[in-house]
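K.L.:
Right, I'll just put the structure down here and ask away after.
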Amino acid sequence: MMKTLFKIFPIIPMIFFGACTNSDMAGGTTETENAIATVSIQVNNGKKPAKASYRVLPSWYVTDSTGNVNADDITYVGETDSLGRILIENHKEGSYTIQIEQGDSALVYQYTLNGLSKNFSVPKAYLKKKGTVNGWVSLPDSAKYAWVNFEGIGRVAKTDSLGYFVADKLPVGHVSIKSWSGDDTECIAEAKVAVPTADTLRIGHLLSPAKNGLVQTLNINPTDLVSDWMRPLTVPFVLTLRLDSTNFDFTKAREDGSDVNLYASNGTTVPMAIENWEPDIKSAVISIRLEDLADTADTWSLESGNPDAVAPEKVDIWEGISDSLWYELNTVEVFNFESGSPVSDLPSPLRRDAWYVQLHKKDTLTDSVTVSFLSSNASVTTVDSRMGKAMHIDYAVDYPDIVVFGTRLTRHQHDWSRMDSLVVWMRTDGDFEIILESLDDPLNYKASYKGTGKSLIEWTRYCLKPEDFTYKFRDYHGWEYVRNRITNFTIFSYNGTETWIDAVRVYGVNRDDLR
């Protein structure tokens, strides 16, 4: 039967380890009729044996709401001997927790003794500074708070009205936690944690036993979402969380992601928006609003799989953010040609690869293609344009021969499923194809838009949405096949004499989508 904090204990002063000096229990304890085993621990403080106190409680033990421990409930209590040793002979069988303490340092060990396991030994136990644990539980609708019990060490914490709790000065080591609401005896949350030394463990959401196997939790440090190119941060700010098969199990979430919620360490919701959710290719992008720079020191919990979850409230995560910051966080410039250099204009820290212009000449009899650099009837220059410089290609090529202009965007395949649009300024008198493709795949997947030039004098702005990449032919597979494989940007030109290209920019992605 489950032990609960509602067991009635007499209200007595807290037992201080330093006062536990019963010589009959120091270094050895009295025999009991069920005693079968031995516990031995060598306690050190640095390189020296430590003078420390200890007490042993059943591992299931919980204290009352005052945090007092009944002396009759303590199984063993004592101090280390002159060599820093704890020796408990003829120990009772069962599961126990021993807490060892010296000043502001403490350790905790859990162990089980029975007919198959008759000894528990720690050759070297080093005292460590006490630690802190915080987190939150989901309160029942009628509850105003809950109790969080650290079993076996006689500690209890009371949550606030949101379910948030903090427990400090805990012994370092593994501890089991159980929580009850303030008006019920049913366990509403449980966990096993490792208390850190001189630090805080943010465990996020403590789940109920019924949901432990259902809910998936991803702990997120906000600073991990802040790339160097984003600094210095100003608030409000929007961070991007990318999910894939390496950090998220899409089978433990609803098909549309409507059960995904983001929580701060105190249980409050963090404003977010799912920008893209693609379980078929195991990819998703979530935008998260950062309200305060201090929040970067928090630990967030992304949860899914809770059958009772409701979709997060829709919020305008970009409210109050300048147009220039929005532009910086949601677009990537590929070309502007202002430098006149033979490389792309991708922003730092992205690698700028050389652009290339090639003539692809096709043998219609053998269906083979010969690739060469442009000859005298087709050359590449950068000249003054409406906004400075632009790419100018002279050619005299009829299909199936084509002139290819392009550059590598990334060193490996990336998912651009959340791309809003690709903008290219052009003027040409021929036919053309604007292509996003994967050159790292044997099938050379292409998402292509096919058009016909309108003028050699007037510039035309082509704003291509994913649904505009509809041209399919052989290895032209379309957006759905290419969106998560993109490595190159390419333009094919043919059936004309000139093509001008300028101001190529992608909207809906940022630099980290191309790293």
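FYI, nothing fancy with the structure tokens labels: chains A, B, ... in order, residues from 1 per chain, ligands from 1 as they appear.
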Determine which residues of range 182-271 of chain A receive a DSSP assignment of helix (DSSP H, G or I), computed from the backbone, and state them as a ChimeraX atom specification.

P.N.:
/A:222-225,228-230,250-252

K.L.:
Using only C-alpha atoms, what table do you get, as a Markdown table, when you list each residue of range 108-188 of chain A with an atom no more than 7 Å from range 43-53 of chain A, its nearest pair of atoms, and their distance in Å rounded to one decimal, rows by chain then rising number?

P.N.:
| residue | atom | partner | partner_atom | distance |
| --- | --- | --- | --- | --- |
| A:Lys124 | CA | A:Val43 | CA | 6.2 |
| A:Ala125 | CA | A:Val43 | CA | 4.8 |
| A:Tyr126 | CA | A:Asn44 | CA | 4.8 |
| A:Leu127 | CA | A:Asn45 | CA | 5.4 |

K.L.:
Would you give me, as an MDAnalysis selection string, the residues in range 151-381 of chain A that DSSP reads as strand (DSSP E or B)?

P.N.:
chainID A and resid 155:158 164:170 172:181 187:195 200:207 216:220 237:244 261:263 269 272:278 283:290 300:304 331:335 343 354 356:363 368:373 380:381

K.L.:
May I ask which of the residues A:Asn219, A:Ser176, A:Glu101, A:Tyr263 is the closest one to Val137 in chain A, counting only C-alpha atoms?

P.N.:
A:Tyr263

K.L.:
Please provide the set of residues having any atom within 10 Å of range 342-356 of chain A, restricted to only C-alpha atoms, with same-chain residues fewer than 6 positions apart removed, written as a ChimeraX atom specification.

P.N.:
/A:227-229,332-336,373,380,404-411,489-490,503-505,511-512,514-515

K.L.:
Near Arg474 in chain A, counting only C-alpha atoms, which residues have an atom at most 12 Å away, once you skip same-chain residues fewer than 3 positions from it, shown as a list of chain:residue names?

P.N.:
A:Leu443, A:Asn444, A:Tyr445, A:Lys446, A:Ala447, A:Ser448, A:Tyr471, A:His477, A:Gly478

K.L.:
Give me, please, the distance in Å between CA of Lys314 in chain A and CA of Pro279 in chain A, quoted to one decimal.

P.N.:
21.1 Å

K.L.:
For Lys130 in chain A, please output as a list in words all residues within 10 Å (counting only C-alpha atoms; exclusion window: fewer than 6 positions along the same chain).

P.N.:
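Those residues are Glu101, Gly103, Asp104, Ser105, Ala106, Leu107, Asp168, Lys169, Leu170, Pro171, Val172, Gly173, Val195, Pro196, Thr197, Ala198, Asp199 and Thr200 of chain A.
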
K.L.:
I need the residue nearest Gln216 in chain A from this list: A:Ala194, A:Val397, A:Val509, A:Leu262. Use only C-alpha atoms for the distance.

P.N.:
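Answer, going by the shortest atom-to-atom distance: A:Leu262.
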
K.L.:
Which residue gives the smallest distance to Leu207 in chain A among A:Lys144, A:Asp292, A:Val156, A:Glu303, with only C-alpha atoms counted?

P.N.:
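That would be A:Glu303, the residue with the smallest distance to Leu207 in chain A.
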
K.L.:
Could you name the residues that touch Trp147 in chain A at 7 Å or less, counting only C-alpha atoms, but leaving out those on the same chain fewer than 2 positions away, as an mmCIF file with C-alpha atoms, in the first residue's frame?

P.N.:
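Here's the written file result_11.cif:
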data_model
loop_
_atom_site.group_PDB
_atom_site.id
_atom_site.type_symbol
_atom_site.label_atom_id
_atom_site.label_comp_id
_atom_site.auth_asym_id
_atom_site.auth_seq_id
_atom_site.Cartn_x
_atom_site.Cartn_y
_atom_site.Cartn_z
ATOM 1 C CA ASN A 149 7.972 14.597 -1.381
ATOM 2 C CA VAL A 156 8.828 17.954 1.351
ATOM 3 C CA ALA A 157 8.134 21.054 -0.735
ATOM 4 C CA LYS A 158 4.847 22.864 -1.301
ATOM 5 C CA THR A 159 4.051 24.117 -4.785
ATOM 6 C CA SER A 179 3.618 14.405 -5.407
ATOM 7 C CA TRP A 180 0.106 14.632 -4.008
ATOM 8 C CA SER A 181 -2.418 17.408 -4.389
ATOM 9 C CA GLY A 182 -3.429 19.390 -1.349
#

K.L.:
Which is closer to Ile434 in chain A than all the others in A:Met272, A:Met391, A:Ile501, A:Leu329, using only C-alpha atoms?

P.N.:
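Of A:Met272, A:Met391, A:Ile501, A:Leu329, the one nearest Ile434 in chain A, counting only C-alpha atoms, is A:Ile501.
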
K.L.:
Using Å and a single decimal, report how far CA of Val285 in chain A sits from CA of Lys450 in chain A.

P.N.:
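One can read the CA of Lys450 in chain A to CA of Val285 in chain A distance as 29.0 Å.
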